[in-house]
>>> print(open('my_file_20.cif').read())   # mmCIF, C-alpha atoms
data_data
#
loop_
_atom_site.label_atom_id
_atom_site.label_comp_id
_atom_site.auth_asym_id
_atom_site.auth_seq_id
_atom_site.Cartn_x
_atom_site.Cartn_y
_atom_site.Cartn_z
CA MET A 1 -16.83 -19.34 -2.94
CA PRO A 2 -13.55 -17.63 -1.88
CA ASP A 3 -13.22 -16.56 1.76
CA PRO A 4 -13.16 -12.75 2.03
CA PHE A 5 -11.14 -12.90 5.28
CA LYS A 6 -7.55 -12.42 4.10
CA ALA A 7 -4.15 -12.14 5.79
CA TYR A 8 -4.29 -8.33 5.91
CA ASP A 9 -7.96 -7.39 5.62
CA ILE A 10 -11.43 -8.50 4.51
CA ARG A 11 -12.04 -8.27 0.78
CA GLY A 12 -14.58 -9.91 -1.50
CA LEU A 13 -17.09 -9.49 -4.31
CA TYR A 14 -20.09 -7.43 -3.23
CA PRO A 15 -22.66 -8.73 -2.39
CA GLN A 16 -21.80 -12.41 -3.14
CA GLU A 17 -18.80 -12.73 -0.77
CA LEU A 18 -19.11 -9.62 1.41
CA ASN A 19 -22.53 -8.12 2.13
CA GLU A 20 -24.26 -5.98 4.77
CA SER A 21 -24.98 -8.98 6.98
CA LEU A 22 -21.32 -10.09 7.12
CA ALA A 23 -20.20 -6.46 7.52
CA TYR A 24 -22.52 -6.06 10.53
CA GLN A 25 -21.24 -9.30 12.08
CA THR A 26 -17.64 -8.22 11.41
CA GLY A 27 -18.19 -4.85 13.10
CA ASN A 28 -19.75 -6.54 16.13
CA ALA A 29 -17.02 -9.21 16.28
CA THR A 30 -14.32 -6.52 16.02
CA ALA A 31 -15.80 -4.80 19.08
CA GLN A 32 -15.67 -8.08 20.99
CA VAL A 33 -12.14 -9.10 20.00
CA LEU A 34 -10.63 -5.63 20.52
CA GLY A 35 -12.58 -4.93 23.72
CA LEU A 36 -14.18 -1.75 22.36
CA THR A 37 -17.38 -1.62 24.44
CA GLY A 38 -17.63 1.85 26.01
CA LYS A 39 -14.70 3.07 23.91
CA THR A 40 -14.42 5.34 20.86
CA PHE A 41 -13.57 4.03 17.39
CA THR A 42 -13.08 5.70 13.99
CA VAL A 43 -14.87 4.51 10.82
CA GLY A 44 -14.44 5.82 7.26
CA ARG A 45 -15.01 4.61 3.71
CA ASP A 46 -13.66 5.17 0.23
CA MET A 47 -15.69 5.99 -2.91
CA ARG A 48 -16.75 2.46 -3.86
CA VAL A 49 -20.37 1.93 -4.84
CA SER A 50 -20.76 -0.65 -2.04
CA GLY A 51 -19.10 1.67 0.50
CA PRO A 52 -22.14 3.46 1.96
CA MET A 53 -24.07 0.22 2.57
CA LEU A 54 -21.13 -1.67 4.06
CA LYS A 55 -20.14 1.28 6.25
CA VAL A 56 -23.67 1.64 7.72
CA ALA A 57 -23.67 -2.09 8.51
CA VAL A 58 -20.20 -2.07 10.12
CA ILE A 59 -21.12 0.95 12.24
CA GLN A 60 -24.37 -0.68 13.39
CA GLY A 61 -22.45 -3.80 14.45
CA LEU A 62 -20.08 -1.65 16.51
CA VAL A 63 -22.83 0.53 18.02
CA ASP A 64 -24.88 -2.52 19.03
CA ALA A 65 -21.80 -3.73 20.94
CA GLY A 66 -21.74 -0.46 22.90
CA VAL A 67 -19.04 1.37 20.91
CA HIS A 68 -18.90 5.15 20.40
CA VAL A 69 -18.27 5.44 16.66
CA ILE A 70 -16.88 8.59 15.03
CA ASP A 71 -17.82 8.50 11.33
CA VAL A 72 -15.23 10.53 9.38
CA GLY A 73 -17.05 10.15 6.04
CA MET A 74 -15.56 9.47 2.61
CA VAL A 75 -11.79 9.63 3.05
CA SER A 76 -8.56 7.83 2.16
CA THR A 77 -7.29 4.92 4.24
CA PRO A 78 -4.36 7.03 5.55
CA ALA A 79 -6.85 9.74 6.54
CA VAL A 80 -8.53 7.16 8.82
CA THR A 81 -5.11 6.47 10.39
CA PHE A 82 -4.60 10.21 10.92
CA SER A 83 -8.13 10.53 12.34
CA MET A 84 -7.43 7.80 14.90
CA HIS A 85 -4.57 9.97 16.20
CA HIS A 86 -6.36 13.31 15.79
CA LEU A 87 -9.52 12.12 17.56
CA ASN A 88 -7.64 9.90 20.03
CA THR A 89 -9.71 6.79 19.33
CA GLU A 90 -9.02 3.12 20.05
CA GLY A 91 -8.37 2.27 16.41
CA GLY A 92 -10.45 2.35 13.26
CA ILE A 93 -12.06 0.64 10.31
CA GLN A 94 -11.79 1.76 6.71
CA VAL A 95 -14.41 0.31 4.37
CA THR A 96 -12.31 -0.23 1.25
CA ALA A 97 -11.21 -2.89 -1.22
CA SER A 98 -8.09 -0.84 -2.03
CA HIS A 99 -7.02 -1.33 -5.68
CA ASN A 100 -9.37 -4.25 -6.43
CA PRO A 101 -11.82 -3.90 -9.35
CA ALA A 102 -15.11 -2.06 -8.88
CA ALA A 103 -17.14 -5.17 -8.00
CA TYR A 104 -15.22 -5.68 -4.72
CA GLY A 105 -15.92 -4.37 -1.23
CA GLY A 106 -13.69 -4.60 1.79
CA ILE A 107 -12.95 -3.81 5.44
CA LYS A 108 -9.53 -2.88 6.86
CA ILE A 109 -9.22 -2.98 10.67
CA THR A 110 -6.71 -1.23 12.94
CA GLY A 111 -6.63 -1.87 16.67
CA PRO A 112 -5.50 0.17 19.68
CA GLY A 113 -1.99 1.57 19.37
CA PHE A 114 -2.30 1.60 15.54
CA LYS A 115 -1.88 -2.18 15.54
CA PRO A 116 -2.91 -3.69 12.18
CA ILE A 117 -5.42 -6.51 12.56
CA GLY A 118 -4.60 -9.42 10.26
CA GLY A 119 -3.48 -13.03 10.30
CA GLY A 120 -2.10 -13.81 13.76
CA THR A 121 -3.22 -10.49 15.26
CA GLY A 122 -6.95 -11.09 15.72
CA MET A 123 -8.40 -11.66 12.25
CA GLU A 124 -9.00 -15.38 12.79
CA GLU A 125 -10.96 -14.70 15.99
CA ILE A 126 -13.00 -11.93 14.32
CA GLU A 127 -13.84 -14.31 11.47
CA ARG A 128 -14.81 -17.12 13.86
CA ILE A 129 -17.20 -14.89 15.86
CA ALA A 130 -18.62 -13.23 12.73
CA ARG A 131 -19.22 -16.55 10.94
CA ALA A 132 -20.91 -18.00 14.04
CA CYS A 133 -23.16 -14.89 14.30
CA GLN A 134 -22.22 -14.51 17.98
CA ILE A 135 -23.71 -11.06 18.32
CA VAL A 136 -23.37 -9.09 21.56
CA LYS A 137 -25.68 -6.19 22.41
CA ASN A 138 -24.56 -3.62 24.95
CA PRO A 139 -26.20 -0.29 25.75
CA GLY A 140 -24.48 3.08 25.28
CA GLY A 141 -23.30 2.84 21.68
CA SER A 142 -23.46 6.00 19.57
CA VAL A 143 -22.47 7.57 16.24
CA THR A 144 -21.18 11.07 15.63
CA GLU A 145 -19.97 12.52 12.33
CA THR A 146 -16.74 14.53 12.19
CA VAL A 147 -14.73 16.00 9.32
CA THR A 148 -10.96 15.60 9.70
CA LEU A 149 -9.77 16.21 6.12
CA ASP A 150 -8.67 19.79 6.68
CA ALA A 151 -6.67 18.82 9.77
CA TYR A 152 -5.02 16.00 7.79
CA ALA A 153 -4.18 18.38 4.93
CA THR A 154 -2.66 20.88 7.40
CA TYR A 155 -0.58 18.05 8.90
CA LEU A 156 0.69 16.94 5.47
CA ALA A 157 1.39 20.47 4.22
CA LYS A 158 4.02 20.90 6.96
CA LEU A 159 6.12 18.29 5.13
CA TRP A 160 6.05 20.26 1.85
CA ALA A 161 9.44 21.92 1.23
CA PRO A 162 10.42 21.91 -2.47
CA LYS A 163 13.63 23.66 -3.53
CA ARG A 164 11.97 25.04 -6.69
CA ARG A 165 8.59 25.37 -8.35
CA LEU A 166 7.30 22.02 -9.65
CA LYS A 167 4.90 21.02 -12.39
CA ILE A 168 3.30 17.66 -11.50
CA VAL A 169 0.61 15.59 -13.22
CA VAL A 170 -1.46 13.51 -10.78
CA ASP A 171 -3.79 10.69 -11.85
CA GLY A 172 -6.35 10.01 -9.15
CA GLY A 173 -7.79 7.03 -11.03
CA ASN A 174 -11.29 8.19 -9.94
CA GLY A 175 -10.32 7.04 -6.46
CA ILE A 176 -10.41 9.03 -3.25
CA ILE A 177 -7.21 11.04 -3.85
CA GLY A 178 -8.93 13.82 -5.82
CA THR A 179 -10.97 14.63 -2.71
CA MET A 180 -7.80 14.67 -0.60
CA PHE A 181 -6.05 17.10 -2.99
CA GLN A 182 -9.05 19.48 -2.81
CA HIS A 183 -8.08 20.06 0.82
CA LEU A 184 -4.30 19.79 0.41
CA LEU A 185 -3.56 21.81 -2.74
CA PRO A 186 -4.55 25.26 -1.38
CA LYS A 187 -1.95 24.74 1.37
CA LEU A 188 0.96 24.02 -1.02
CA ALA A 189 3.15 26.75 -2.53
CA ASP A 190 5.42 26.50 -5.59
CA VAL A 191 3.46 23.85 -7.48
CA GLN A 192 1.40 23.64 -10.64
CA LEU A 193 -0.70 20.50 -10.33
CA ILE A 194 -2.40 19.04 -13.39
CA PRO A 195 -5.22 16.71 -12.27
CA LEU A 196 -6.42 13.62 -14.14
CA ASN A 197 -9.48 11.56 -13.10
CA PHE A 198 -9.99 13.43 -9.82
CA ASP A 199 -13.75 12.82 -9.56
CA PRO A 200 -14.36 9.99 -7.06
CA ASP A 201 -16.22 7.26 -8.95
CA GLY A 202 -16.21 3.72 -7.58
CA ARG A 203 -17.06 2.34 -11.03
CA PHE A 204 -13.56 3.41 -12.24
CA PRO A 205 -14.78 4.51 -15.69
CA ILE A 206 -11.37 5.39 -17.21
CA HIS A 207 -9.10 2.69 -15.81
CA GLU A 208 -8.62 0.61 -12.66
CA ALA A 209 -7.18 2.56 -9.72
CA ASN A 210 -4.14 0.29 -9.57
CA PRO A 211 -0.92 2.16 -10.46
CA LEU A 212 1.14 -1.02 -10.68
CA LYS A 213 -0.62 -2.20 -13.83
CA LEU A 214 1.28 -0.38 -16.55
CA GLU A 215 -1.78 -0.09 -18.80
CA ASN A 216 -3.32 2.15 -16.12
CA LEU A 217 -0.42 4.62 -16.46
CA LYS A 218 -0.67 5.34 -20.20
CA GLN A 219 -2.81 8.45 -19.81
CA LEU A 220 -0.50 9.82 -17.10
CA GLN A 221 2.65 9.08 -19.10
CA ALA A 222 1.31 10.86 -22.21
CA ARG A 223 0.21 13.90 -20.20
CA VAL A 224 3.56 14.23 -18.38
CA LYS A 225 5.36 14.35 -21.73
CA ALA A 226 2.81 16.73 -23.31
CA GLU A 227 3.00 19.14 -20.36
CA LYS A 228 6.80 18.80 -19.96
CA ALA A 229 6.08 18.14 -16.29
CA ASP A 230 8.73 17.36 -13.67
CA PHE A 231 7.07 14.02 -12.94
CA GLY A 232 3.72 12.27 -12.67
CA ALA A 233 2.11 10.41 -9.79
CA ALA A 234 -0.66 7.80 -9.77
CA PHE A 235 -2.61 6.66 -6.71
CA ASP A 236 -4.71 3.60 -5.95
CA GLY A 237 -8.39 3.67 -5.02
CA ASP A 238 -8.06 4.26 -1.28
CA GLY A 239 -5.02 6.53 -1.47
CA ASP A 240 -2.47 4.49 0.46
CA ARG A 241 -0.27 3.72 -2.57
CA CYS A 242 1.61 6.02 -4.90
CA ALA A 243 3.68 5.28 -8.01
CA LEU A 244 5.74 7.73 -10.06
CA VAL A 245 6.71 8.27 -13.67
CA ASP A 246 9.73 10.48 -14.44
CA GLU A 247 9.89 13.56 -16.70
CA ASN A 248 10.08 11.26 -19.76
CA GLY A 249 6.95 9.39 -18.71
CA GLU A 250 9.01 6.32 -17.74
CA PHE A 251 7.62 4.28 -14.85
CA ILE A 252 9.89 4.32 -11.78
CA SER A 253 9.80 0.91 -10.11
CA CYS A 254 8.56 1.36 -6.54
CA ASP A 255 11.64 -0.30 -5.03
CA PHE A 256 13.68 2.52 -6.62
CA THR A 257 11.45 5.10 -4.95
CA THR A 258 12.10 3.19 -1.72
CA ALA A 259 15.81 3.80 -2.33
CA LEU A 260 15.24 7.52 -3.04
CA LEU A 261 13.23 7.92 0.16
CA ALA A 262 15.90 5.99 2.08
CA LYS A 263 18.53 8.48 0.88
CA TYR A 264 16.28 11.36 2.00
CA TYR A 265 15.89 9.88 5.48
CA LEU A 266 19.52 8.82 5.91
CA ALA A 267 20.62 12.39 5.18
CA LYS A 268 18.41 13.51 8.08
CA GLU A 269 19.15 10.57 10.37
CA PRO A 270 22.55 8.97 9.63
CA GLY A 271 22.73 5.26 10.36
CA ALA A 272 18.94 4.85 10.50
CA THR A 273 17.20 1.55 9.75
CA VAL A 274 15.20 1.24 6.53
CA ALA A 275 12.94 -1.75 5.81
CA TYR A 276 12.06 -3.09 2.36
CA ASP A 277 9.96 -6.05 1.26
CA LEU A 278 11.66 -9.15 -0.10
CA ARG A 279 10.40 -8.64 -3.66
CA SER A 280 12.56 -5.52 -4.03
CA SER A 281 15.70 -5.36 -6.14
CA LYS A 282 18.89 -6.17 -4.27
CA VAL A 283 20.06 -2.67 -5.23
CA VAL A 284 17.85 -1.31 -2.41
CA ALA A 285 19.79 -3.02 0.39
CA GLU A 286 23.12 -2.24 -1.33
CA PHE A 287 22.16 1.44 -1.71
CA VAL A 288 20.98 1.79 1.90
CA GLN A 289 24.17 0.15 3.19
CA SER A 290 26.36 2.32 0.93
CA LEU A 291 24.79 5.36 2.62
CA GLY A 292 25.59 4.00 6.08
CA GLY A 293 22.06 2.81 6.85
CA LYS A 294 20.85 -0.55 8.11
CA ALA A 295 18.67 -2.42 5.59
CA VAL A 296 16.10 -4.88 6.96
CA GLU A 297 14.13 -7.27 4.74
CA THR A 298 10.45 -7.90 5.55
CA ARG A 299 7.56 -10.09 4.54
CA VAL A 300 5.01 -8.65 2.11
CA GLY A 301 1.89 -6.99 3.54
CA HIS A 302 1.04 -4.04 5.73
CA SER A 303 0.47 -5.96 8.97
CA PHE A 304 3.91 -7.63 8.74
CA ILE A 305 5.74 -4.47 7.66
CA LYS A 306 4.21 -2.33 10.42
CA GLN A 307 5.33 -4.98 12.91
CA THR A 308 8.90 -4.89 11.53
CA LEU A 309 8.95 -1.09 11.59
CA LYS A 310 8.00 -1.13 15.26
CA GLN A 311 10.42 -3.91 16.25
CA GLU A 312 13.38 -2.40 14.39
CA HIS A 313 12.42 1.23 15.12
CA ALA A 314 12.94 1.77 11.39
CA VAL A 315 12.51 5.31 10.10
CA PHE A 316 10.67 4.14 6.99
CA ALA A 317 9.72 1.06 4.94
CA GLY A 318 8.96 0.63 1.25
CA GLU A 319 7.10 -2.08 -0.64
CA LEU A 320 7.38 -3.03 -4.30
CA SER A 321 3.61 -2.48 -4.54
CA GLY A 322 3.97 1.27 -3.86
CA HIS A 323 3.12 1.26 -0.14
CA TYR A 324 5.43 3.49 1.89
CA TYR A 325 5.32 3.35 5.70
CA PHE A 326 6.64 6.06 8.00
CA ARG A 327 7.70 5.92 11.63
CA ASP A 328 6.41 9.49 12.06
CA PHE A 329 3.02 8.45 10.62
CA TRP A 330 2.39 5.89 13.36
CA ASN A 331 4.24 3.20 11.33
CA ALA A 332 1.40 3.35 8.79
CA ASP A 333 1.43 3.98 5.03
CA SER A 334 0.26 7.08 3.23
CA GLY A 335 0.37 7.75 -0.51
CA LEU A 336 0.24 11.53 0.02
CA TYR A 337 2.99 11.50 2.65
CA ALA A 338 5.23 9.65 0.17
CA PHE A 339 4.15 11.94 -2.69
CA ILE A 340 5.16 15.08 -0.77
CA LEU A 341 8.57 13.72 0.22
CA LEU A 342 9.22 12.49 -3.34
CA ALA A 343 8.27 15.93 -4.68
CA ASN A 344 10.79 17.47 -2.27
CA ILE A 345 13.40 15.01 -3.56
CA ALA A 346 12.53 15.71 -7.23
CA SER A 347 12.90 19.45 -6.66
CA GLU A 348 16.59 18.97 -5.83
CA THR A 349 17.41 18.19 -9.47
CA THR A 350 16.17 19.25 -12.90
CA ARG A 351 15.54 15.64 -13.97
CA LEU A 352 14.14 12.96 -11.70
CA SER A 353 15.53 10.30 -14.08
CA ASP A 354 19.07 11.38 -13.08
CA LEU A 355 18.38 10.31 -9.48
CA VAL A 356 17.10 6.92 -10.64
CA LYS A 357 19.94 6.13 -13.09
CA PRO A 358 22.48 4.90 -10.48
CA LEU A 359 19.89 2.32 -9.31
CA LEU A 360 19.49 0.68 -12.73
CA LYS A 361 22.07 -2.05 -12.04
CA TYR A 362 20.08 -5.29 -12.20
CA PHE A 363 17.29 -6.76 -14.31
CA HIS A 364 14.01 -7.57 -12.54
CA THR A 365 10.97 -9.33 -14.00
CA GLY A 366 8.47 -7.40 -11.89
CA GLU A 367 5.80 -9.46 -10.18
CA ILE A 368 4.25 -12.23 -12.33
CA ASN A 369 1.17 -14.22 -11.26
CA PHE A 370 0.60 -17.93 -11.94
CA LYS A 371 -2.56 -19.91 -11.24
CA VAL A 372 -1.41 -23.25 -9.84
CA ALA A 373 -3.34 -26.20 -8.44
CA ASP A 374 -0.80 -27.08 -5.73
CA PRO A 375 1.39 -24.19 -4.45
CA ALA A 376 3.09 -26.45 -1.87
CA ALA A 377 4.41 -28.72 -4.64
CA VAL A 378 5.77 -25.67 -6.51
CA PHE A 379 7.54 -24.45 -3.36
CA ALA A 380 9.02 -27.93 -2.77
CA ARG A 381 10.45 -28.00 -6.31
CA ALA A 382 11.92 -24.51 -5.79
CA LYS A 383 13.61 -25.54 -2.54
CA ALA A 384 15.11 -28.59 -4.27
CA LEU A 385 17.12 -26.47 -6.73
CA THR A 386 20.85 -26.99 -6.19
CA GLY A 387 23.50 -24.30 -5.72
CA GLY A 388 21.28 -21.65 -4.14
CA THR A 389 20.63 -20.41 -0.60
CA VAL A 390 17.03 -20.99 0.47
CA GLN A 391 15.13 -18.57 2.71
CA GLU A 392 11.50 -19.00 3.83
CA LEU A 393 10.64 -15.58 5.28
CA ASP A 394 7.68 -15.32 2.89
CA GLY A 395 7.13 -18.20 0.51
CA VAL A 396 10.46 -19.43 -0.87
CA THR A 397 13.39 -17.20 -1.84
CA VAL A 398 16.38 -18.85 -3.53
CA ARG A 399 19.53 -16.78 -3.96
CA PHE A 400 22.44 -17.54 -6.29
CA SER A 401 25.58 -15.45 -6.78
CA ASP A 402 24.21 -13.61 -9.83
CA TRP A 403 20.42 -14.08 -9.67
CA TRP A 404 17.58 -14.75 -7.22
CA PHE A 405 13.87 -15.42 -7.20
CA ASN A 406 10.98 -15.47 -4.74
CA LEU A 407 7.80 -17.53 -5.04
CA ARG A 408 4.96 -16.90 -2.60
CA ALA A 409 1.25 -17.57 -2.37
CA SER A 410 -0.80 -14.39 -2.68
CA ASN A 411 -2.64 -13.31 0.45
CA THR A 412 -5.39 -11.64 -1.60
CA GLU A 413 -5.81 -13.76 -4.76
CA PRO A 414 -5.70 -17.51 -5.65
CA VAL A 415 -2.29 -17.27 -7.35
CA VAL A 416 1.41 -17.85 -6.79
CA ARG A 417 3.50 -14.71 -7.34
CA LEU A 418 7.01 -14.76 -8.82
CA ASN A 419 9.71 -12.08 -8.57
CA LEU A 420 13.06 -12.78 -10.22
CA GLU A 421 16.18 -10.66 -10.73
CA ALA A 422 19.50 -11.26 -12.46
CA ASN A 423 22.70 -9.39 -13.24
CA THR A 424 21.98 -9.24 -16.99
CA ALA A 425 18.82 -9.06 -19.10
CA ALA A 426 19.73 -12.24 -20.99
CA GLN A 427 20.24 -14.13 -17.76
CA ARG A 428 16.94 -12.83 -16.36
CA ASP A 429 15.08 -14.05 -19.43
CA ALA A 430 16.79 -17.44 -19.40
CA LYS A 431 16.15 -17.97 -15.69
CA LEU A 432 12.54 -16.82 -16.03
CA ALA A 433 12.00 -19.53 -18.67
CA GLU A 434 13.51 -22.11 -16.29
CA ILE A 435 11.34 -21.07 -13.35
CA LYS A 436 8.20 -21.03 -15.51
CA THR A 437 8.97 -24.66 -16.38
CA LEU A 438 9.51 -25.44 -12.68
CA ILE A 439 6.16 -23.82 -11.77
CA ALA A 440 4.35 -25.75 -14.51
CA GLY A 441 5.79 -28.95 -13.05
#
>>> encode(input="my_file_20.cif", output="structure tokens")
Amino acid sequence: MPDPFKAYDIRGLYPQELNESLAYQTGNATAQVLGLTGKTFTVGRDMRVSGPMLKVAVIQGLVDAGVHVIDVGMVSTPAVTFSMHHLNTEGGIQVTASHNPAAYGGIKITGPGFKPIGGGTGMEEIERIARACQIVKNPGGSVTETVTLDAYATYLAKLWAPKRRLKIVVDGGNGIIGTMFQHLLPKLADVQLIPLNFDPDGRFPIHEANPLKLENLKQLQARVKAEKADFGAAFDGDGDRCALVDENGEFISCDFTTALLAKYYLAKEPGATVAYDLRSSKVVAEFVQSLGGKAVETRVGHSFIKQTLKQEHAVFAGELSGHYYFRDFWNADSGLYAFILLANIASETTRLSDLVKPLLKYFHTGEINFKVADPAAVFARAKALTGGTVQELDGVTVRFSDWWFNLRASNTEPVVRLNLEANTAAQRDAKLAEIKTLIAG
């Protein structure tokens, strides 16, 4: 059975891989590893069917260790981050499996100082203690319930500054984002928002809450065109990712939205550092540098990107998966924060597609998954290719003068992921065929 303890979080099928017992042990182990006894800690959950049961178990594990838990209810993952600041707690747990299918449950842990807990930052120790059932019981633990959604909405609304009235279609994917907009929308002027799938439903009856799968965007794309909207936005289940379609219903690759956000920030802070993950098109770094910014490449995954943001004092970071991280949001990601800034950007022109056009220079495959028996052998074959420059920041990246590819083992699924980009479409297709052969061995 797969191990639910991943590089960035804990995620597994409920109840086969992650159940109340393991959630309790994880909560208790988290208190031990992070030294939370006698301290205050935030806990929230998304709308998954397993959420209430897993959250109760996690909280009990923390309380038994002597932690004062503030339960902020059913909220987005970024709302838990905001609550940690707003309530001045020593970190937080969000019970979520993010964009995974309905059968999954999960736990995402943040430590003191908004430090993400993952591989190399405490996850291994939490797993060891949880698996060994090394439970500690300390007196003085407690639970209080607090609502922070209105405060979060007030915080976000201060960012809203469109240059004109906007018509936007938003697909909540039956995730948590519909609940967030209930609080946010009354605070926004100059917008007509057309909601799709706003009722939180952890069974995801219409489509998966994963905006990177293009089949999940069909309803949004059709509605944007029918309504002649300025753009459309789709969110994942726990509200930390956002993806856009333009006024024609065309999907905007998330590395291009990284570039648009970089331009926004560099206008405000000339020469600032912008981080991007290594799957992104090379146009991102070129664009940032052309605007006088410093472009820094990062590994994939929130714990690594937050670390880079802090080290480099970057103003912002973008990931190909639609995660956008902000220095002014405690180096964390927020789908709504990105949505508001992108709406401000879209309002500066009559057609969002016009802003994207200059970025359409290269030809990217998007991320393709391969099930392989021996990832190490695949990586060895990739490194043996002649004529390219090899980099091992995350998996294996090989760069040639007119094309590049990255192969890396997924941190959340038993697959190897490929991203490849070339200067022409024909070259991309030819090189993709070559690399598929290399992967197959």
>>> atom_distance(input="my_file_20.cif", atom1="CA of Ala161 in chain A", atom2="CA of Leu193 in chain A")
15.4 Å
>>> closest_residue(input="my_file_20.cif", among="A:Thr146, A:Asn88, A:Thr96, A:Gln25", to="Gly73 in chain A", atoms="only C-alpha atoms")
A:Thr146
>>> resolve_selection(input="my_file_20.cif", expression="the PyMOL selection byres ((chain A and resi 281-284) around 9)", output="VMD selection string")
chain A and resid 255 to 256 258 to 259 262 276 278 to 280 285 to 289 295 320 359 to 364 420 to 421
>>> residues_around(input="my_file_20.cif", residues="Ile135 in chain A", least_positions_apart="5", cutoff="10 Å", atoms="all atoms listed in the file", output="count of residues only")
12
>>> resolve_selection(input="my_file_20.cif", expression="the PyMOL selection byres ((chain A and resi 20) around 10)", output="JSON, numbers by chain")
{"A": [14, 15, 18, 19, 21, 22, 23, 24, 25, 26, 50, 53, 54, 55, 56, 57, 58]}
>>> atom_distance(input="my_file_20.cif", atom1="CA of Thr77 in chain A", atom2="CA of Gln16 in chain A")
23.8 Å
>>> atom_distance(input="my_file_20.cif", atom1="CA of Thr349 in chain A", atom2="CA of Lys167 in chain A")
13.2 Å
>>> resolve_selection(input="my_file_20.cif", expression="the PyMOL selection byres ((chain A and resi 264) around 12)", output="short mmCIF file (atom, residue, chain, number, x, y, z; two decimals) with C-alpha atoms, keeping the file's coordinate frame")
data_model
loop_
_atom_site.label_atom_id
_atom_site.label_comp_id
_atom_site.auth_asym_id
_atom_site.auth_seq_id
_atom_site.Cartn_x
_atom_site.Cartn_y
_atom_site.Cartn_z
CA THR A 257 11.45 5.10 -4.95
CA THR A 258 12.10 3.19 -1.72
CA ALA A 259 15.81 3.80 -2.33
CA LEU A 260 15.24 7.52 -3.04
CA LEU A 261 13.23 7.92 0.16
CA ALA A 262 15.90 5.99 2.08
CA LYS A 263 18.53 8.48 0.88
CA TYR A 265 15.89 9.88 5.48
CA LEU A 266 19.52 8.82 5.91
CA ALA A 267 20.62 12.39 5.18
CA LYS A 268 18.41 13.51 8.08
CA GLU A 269 19.15 10.57 10.37
CA PRO A 270 22.55 8.97 9.63
CA ALA A 272 18.94 4.85 10.50
CA VAL A 274 15.20 1.24 6.53
CA VAL A 288 20.98 1.79 1.90
CA LEU A 291 24.79 5.36 2.62
CA GLY A 293 22.06 2.81 6.85
CA VAL A 315 12.51 5.31 10.10
CA PHE A 316 10.67 4.14 6.99
CA ALA A 338 5.23 9.65 0.17
CA LEU A 341 8.57 13.72 0.22
CA LEU A 342 9.22 12.49 -3.34
CA ALA A 343 8.27 15.93 -4.68
CA ASN A 344 10.79 17.47 -2.27
CA ILE A 345 13.40 15.01 -3.56
CA ALA A 346 12.53 15.71 -7.23
CA GLU A 348 16.59 18.97 -5.83
CA LEU A 355 18.38 10.31 -9.48
#
>>> closest_residue(input="my_file_20.cif", among="A:Leu309, A:Leu212, A:Met47, A:Val378", to="Ile177 in chain A", atoms="all atoms listed in the file")
A:Met47
>>> residues_around(input="my_file_20.cif", residues="Tyr152 in chain A", least_positions_apart="6", cutoff="10 Å", atoms="all atoms listed in the file", output="short mmCIF file (atom, residue, chain, number, x, y, z; two decimals) with C-alpha atoms, in the frame of the given file")
data_model
loop_
_atom_site.label_atom_id
_atom_site.label_comp_id
_atom_site.auth_asym_id
_atom_site.auth_seq_id
_atom_site.Cartn_x
_atom_site.Cartn_y
_atom_site.Cartn_z
CA PRO A 78 -4.36 7.03 5.55
CA ALA A 79 -6.85 9.74 6.54
CA VAL A 80 -8.53 7.16 8.82
CA THR A 81 -5.11 6.47 10.39
CA PHE A 82 -4.60 10.21 10.92
CA SER A 83 -8.13 10.53 12.34
CA HIS A 86 -6.36 13.31 15.79
CA MET A 180 -7.80 14.67 -0.60
CA HIS A 183 -8.08 20.06 0.82
CA LEU A 184 -4.30 19.79 0.41
#
>>> closest_residue(input="my_file_20.cif", among="A:Gln311, A:Thr437, A:Ser347, A:Thr148", to="Pro162 in chain A", atoms="only C-alpha atoms")
A:Ser347
>>> closest_residue(input="my_file_20.cif", among="A:Pro52, A:Gly106, A:Gly239, A:Gly301", to="Asp3 in chain A", atoms="all atoms listed in the file")
A:Gly106
>>> closest_residue(input="my_file_20.cif", among="A:Lys163, A:Lys306, A:Arg131, A:His99", to="Asp240 in chain A", atoms="all atoms listed in the file")
A:His99
>>> residues_around(input="my_file_20.cif", residues="Ile107 in chain A", least_positions_apart="4", cutoff="7 Å", atoms="only C-alpha atoms", output="list in words")
Asp9, Ile10, Arg11, Ile93, Gln94, Val95, Thr96 and Ala97 of chain A
>>> residues_around(input="my_file_20.cif", residues="Gly113 in chain A", least_positions_apart="4", cutoff="10 Å", atoms="all atoms listed in the file", output="ChimeraX atom specification")
/A:84-85,89-91,330
>>> closest_residue(input="my_file_20.cif", among="A:Val169, A:Val300, A:Cys254, A:Ile176", to="Asn411 in chain A", atoms="only C-alpha atoms")
A:Val300
